[in-house]
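The structure under discussion appears below in the form of structure tokens.
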Amino acid sequence: MAAAGITWCTISDMSHARPTPPNSARRLRWLLALPKLGIVMLLIALLSLLWLLHRNEVDEDRAALIKDVLWLEQNIRFHLSGNEDQLQQLAADMGNRADRKNVFRLRAAHLLKNNPEISQLLWFDAHRKVIDALPSTTLPDQEIAAFGPPVTDKAFELASRLGKRFYSEPFFLDGNRAFIEIMVPVFVESQLKGMLVAVYPLDTLLGNLVPWWFTEKYKVVISDDNDIPYAAKTNIEGKSTQSYEIPFDPPGYGMKLRVTSYQNADNSLQRLLTLAIITLAAGVFWSLWLVRDLMKKRLRAEEALRSEHAFRAAMENSLTVGMRARDLKGTIIYVNPAFCRMSGFSADELVGQSSPMPYWAPDQIDETYAIHQTVLAGEAPAEGFEITFVRKNGERFNALIYEAKLIDGNGQHTGWMASILDITERKRAEEQARLQQEQLQFTSRLVTMGEMASTLAHELNQPLAAIASYNTGCLNLLERSDCQAQDIRPALEKISVQAQRAGKIIRRVHDFVRKSEPKRAPCSLAEVFEDCLGFVEADARKRHIRIECDIPQIPAIPADRLMLEQVLLNLIRNGMEAMASTPEAYRTLRITTEVSTDELRVSVSDHGTGIAPEVRDKLFTAFFTTKPEGMGVGLSICRSIIEFHRGRLWAEDNPHTPTGSGTIFIFTLPMEAT
Ligand code: ADP
């Protein structure tokens with residue numbers, strides 16, 4: 001029972017806590033999904049923005065690249081055409097003047113000085129023989145011969161025939177250095193007299209015509225249609241992002257300028273920003289995930305709480321035991337439906353009430369209040385206590401209450417929890433059973449008396465016969481003339497003794513069949529024995545049975561005299577009846593008494609039939625008998641009487657018997673009232 005232990009619960013939970021209903025859990029789940037959706041959308045928007053910015057940047061870069069490439073191409077073209085003009089002018093001047101050699105030397109030196117992209121200026125005659133060259137270190141002729149690969153011959157030929165300046169195809173010399181040449185014919189009076197040739201190493205051309213700042217941003221490459229690189233210039237390394245190509249014309253021949261841009265350092269900042277945004281979003285997602293986990297846990301806890309609540313409600317409703325919780329001051333903080341049914345008051349009427357409670361019996365307010373105080377002081381008996389309460393309709397009922405400490409979730413003692421049993425019906429039934437038992441005992445005594453009536457009548461007959469004969473003797477004496485008063489005195493005295501004897505028999509019978517409440521009072525065992533023997537003496541004589549009895553000289557014991565007599569008489573009579581077929585010589589019934597410090601042990605032993613094994617288990621069962629006219633209630637009543645006196649009654653085989661069979665009935669009684 002709950003009251004036997006400590007109750008662990010929280011009162012606020014008990015009466016008011018209601019777990020979140022399922023639709024609220026659904027709403028929570030939705031609320032949790034919204035920020036997730038918001039964050040996903042924000043992330044998408046941010047990434048789109050970054051992508052757009054990147055696109056714009058790429059577009060801007062491309063526009064800047066194209067602009068720069070166009071500018072570069074224009075710059076180179078401007079330079080080359082400037083050179084062309086100067087060479088044309090030199091060729092014209094050489095055609096008009098006689099001191100051609102001086103003109104060439106002077107002007108060529110000037111030209112080379114101002115245009116470092118030209119590595120050499122050569123003057124050929126019409127038969128392709130070098131007349132002069134500047135700087136002269138690249139002479140003599142054989143080198144010029146080596147200088148003239150087929151492509152230059154072809155350009156020479158075309159320039160001679162067309163009579164105008166002409167660029168050669170690119171060609172490689174000195175290992176892998178690429179060159180181009182421009183041929184400018186020299187006419188004297190419309191006659192081709194020679195050819196001016198300017199040599200451009202392409203790497204020098206780029207080195208001089210591409211400014212430094214350009215190479216900090218781009219890589220410039222001169223290549224042909226087959227992407228064979230002739231020359232390149234750059235000051236940076238790294239990953240290229242985009243490139244742009246433009247024809248390198250003149251000189252033409254499918255040559256092109258390819259300019260490649262390189263990633264600038266600012267990109268890393270942008271990447272860092274993107275990374276930061278993604279990391280932050282991931283962080284937010286992670287925290288939302290954690291929150292989601294927490295929420296899931298909470299939902300699970302709520303679910304558990306709901307089923308716990310439902311389980312507790314079902315338990316509360318099915319309980320027939322009343323439960324009532326009070327705080328430390330004695331105010332009711334909880335009652336269960338069973339207690340409401342028991343008391344007739346609703347929970348609302350009871351919760352919040354303090355002493356005197358509406359269900360206290362008005363005529364026992366003081367006693368009930370004292371018990372109430374005992375409970376609050378923590379001194380309520382652990383085995384429970386009985387009290388009378390009054391229902392709302394005025395009906396009284398007996399309650400058995402067990403009180404236990406009420407401990408909250410933090411282990412704090414917050415009040416008292418009582419489990420209350422309505423024992424009115426049980427008490428009524430017990431009372432009924434007790435009355436029936438008493439009635440049965442009484443009936444049994446009457447039956448015993450009825451059975452003993454003939455022997456008692458015979459017993460009574462003896463003193464009556466003696467009285468009659470003494471009386472006759474007296475009358476005879478009185479009829480004599482010499483009768484003296486002292487002659488009849490002895491007879492009258494004997495009449496008196498016999499009358500007392502008869503009176504004693506009648507008193508005993510009267511006492512025995514008297515109906516009285518069972519009560520334990522100091523009682524002399526010697527008197528009990530004497531009375532019993534007085535009852536059975538005549539019967540024993542008739543049955544030729546010897547009764548051996550040591551009348552115990554012990555102080556009075558707490559017992560109901562009549563009840564003890566009934567037990568002893570029953571055991572004696574059973575013993576005598578069991579010896580009906582025992583040879584007369586052995587028909588002895590022995591009553592012995594043993595006294596120890598705390599208990600008295602009385603044994604009634606016979607040399608009778610003994611108890612068969614199949615009978616032994618049923619001996620003390622009511623209405624069990626092996627006798628044709630027996631009632632079978634004797635031993636069952638004996639046992640309940642002995643137990644009423646807090647003693648024990650049992651049967652053993654008698655080991656000391658000449659007949660080989662016999663029984664000892666033993667009962668104990670406590671010496672002190674308990
Ligand atoms: P009843 O005497 O009316 O039969 P009891 O309850 O006194 O009822 O006895 C129940 C039965 O126990 C008896 O019928 C008998 O069989 C057995 N019994 C009782 N006392 C003795 C005894 N001293 N020896 C043998 N059997 C006994």
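The chains in the structure tokens are called A, B, ... from first to last as shown; in each chain the residues are counted from 1, and the ligands are counted from 1 in the order shown.
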Using only C-alpha atoms, which protein or nucleic acid residues come within 10 Å of Ile236 of chain A? Drop anything in the same chain fewer than 4 positions from it, and give the result as a VMD selection string. chain A and resid 215 to 219 261 to 262
Keeping N, CA and C atoms, export the residues of the selection given above as a JSON list (two decimals), in the first residue's frame.
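Listed below is the output, result-v6.json:
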[["chain", "number", "residue", "atom", "x", "y", "z"],
["A", 215, "THR", "N", 52.05, 44.67, -68.43],
["A", 215, "THR", "CA", 52.54, 43.32, -68.09],
["A", 215, "THR", "C", 52.31, 42.95, -66.64],
["A", 216, "GLU", "N", 51.98, 43.98, -65.82],
["A", 216, "GLU", "CA", 51.63, 43.67, -64.42],
["A", 216, "GLU", "C", 50.25, 43.01, -64.34],
["A", 217, "LYS", "N", 49.42, 43.25, -65.35],
["A", 217, "LYS", "CA", 48.05, 42.73, -65.35],
["A", 217, "LYS", "C", 47.86, 41.56, -66.30],
["A", 218, "TYR", "N", 48.64, 41.63, -67.42],
["A", 218, "TYR", "CA", 48.36, 40.67, -68.50],
["A", 218, "TYR", "C", 49.62, 39.98, -68.96],
["A", 219, "LYS", "N", 49.34, 38.90, -69.67],
["A", 219, "LYS", "CA", 50.43, 38.25, -70.40],
["A", 219, "LYS", "C", 50.14, 38.46, -71.89],
["A", 261, "SER", "N", 44.42, 37.72, -69.03],
["A", 261, "SER", "CA", 44.43, 38.44, -67.74],
["A", 261, "SER", "C", 44.58, 37.40, -66.60],
["A", 262, "TYR", "N", 45.04, 37.90, -65.49],
["A", 262, "TYR", "CA", 45.27, 37.03, -64.33],
["A", 262, "TYR", "C", 44.40, 37.48, -63.17]]
Counting only C-alpha atoms and all ligand atoms, which residues of chain A sit at most 7 Å from some atom of ligand 1, and what is each one's closest atom pair with its distance in Å to one decimal, listed by chain and rising residue number, as CSV?
residue,atom,partner,partner_atom_place_in_ligand_line,distance
A:Asn570,CA,ligand 1,7 (O),6.4
A:Leu571,CA,ligand 1,20 (N),6.6
A:Asn574,CA,ligand 1,20 (N),4.4
A:Gly575,CA,ligand 1,23 (N),3.8
A:Ala578,CA,ligand 1,24 (N),4.8
A:Asp606,CA,ligand 1,23 (N),6.4
A:Gly608,CA,ligand 1,24 (N),5.8
A:Thr609,CA,ligand 1,25 (C),5.5
A:Gly610,CA,ligand 1,25 (C),4.5
A:Ile611,CA,ligand 1,25 (C),4.8
A:Val615,CA,ligand 1,16 (O),6.9
A:Leu619,CA,ligand 1,12 (O),5.0
A:Phe620,CA,ligand 1,6 (O),6.3
A:Ala622,CA,ligand 1,6 (O),6.9
A:Phe623,CA,ligand 1,6 (O),6.9
A:Phe624,CA,ligand 1,10 (C),5.6
A:Thr625,CA,ligand 1,14 (O),3.3
A:Thr626,CA,ligand 1,14 (O),3.8
A:Lys627,CA,ligand 1,14 (O),4.9
A:Gly630,CA,ligand 1,3 (O),3.6
A:Met631,CA,ligand 1,3 (O),4.0
A:Gly632,CA,ligand 1,8 (O),3.2
A:Val633,CA,ligand 1,6 (O),4.5
A:Gly634,CA,ligand 1,7 (O),3.7
A:Leu635,CA,ligand 1,6 (O),3.7
A:Ser636,CA,ligand 1,6 (O),5.8
A:Gly662,CA,ligand 1,24 (N),6.5
A:Thr663,CA,ligand 1,24 (N),5.4
A:Ile664,CA,ligand 1,23 (N),6.9
Counting only C-alpha atoms, what is within 9 Å of Tyr470 of chain A, bar same-chain residues fewer than 3 positions away, as a list of chain:residue names? A:Ala465, A:Ala466, A:Ile467, A:Gly473, A:Cys474, A:Leu475, A:Ala491, A:Leu492, A:Lys494, A:Ile495
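The coordinates place atom CA of Leu464 of chain A at 7.2 Å from atom CA of Gln498 of chain A.
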Between A:Ala98, A:Ile277, A:Met195, A:Ile76, which one has atoms that come closest to Ala133 of chain A, using only C-alpha atoms? A:Met195
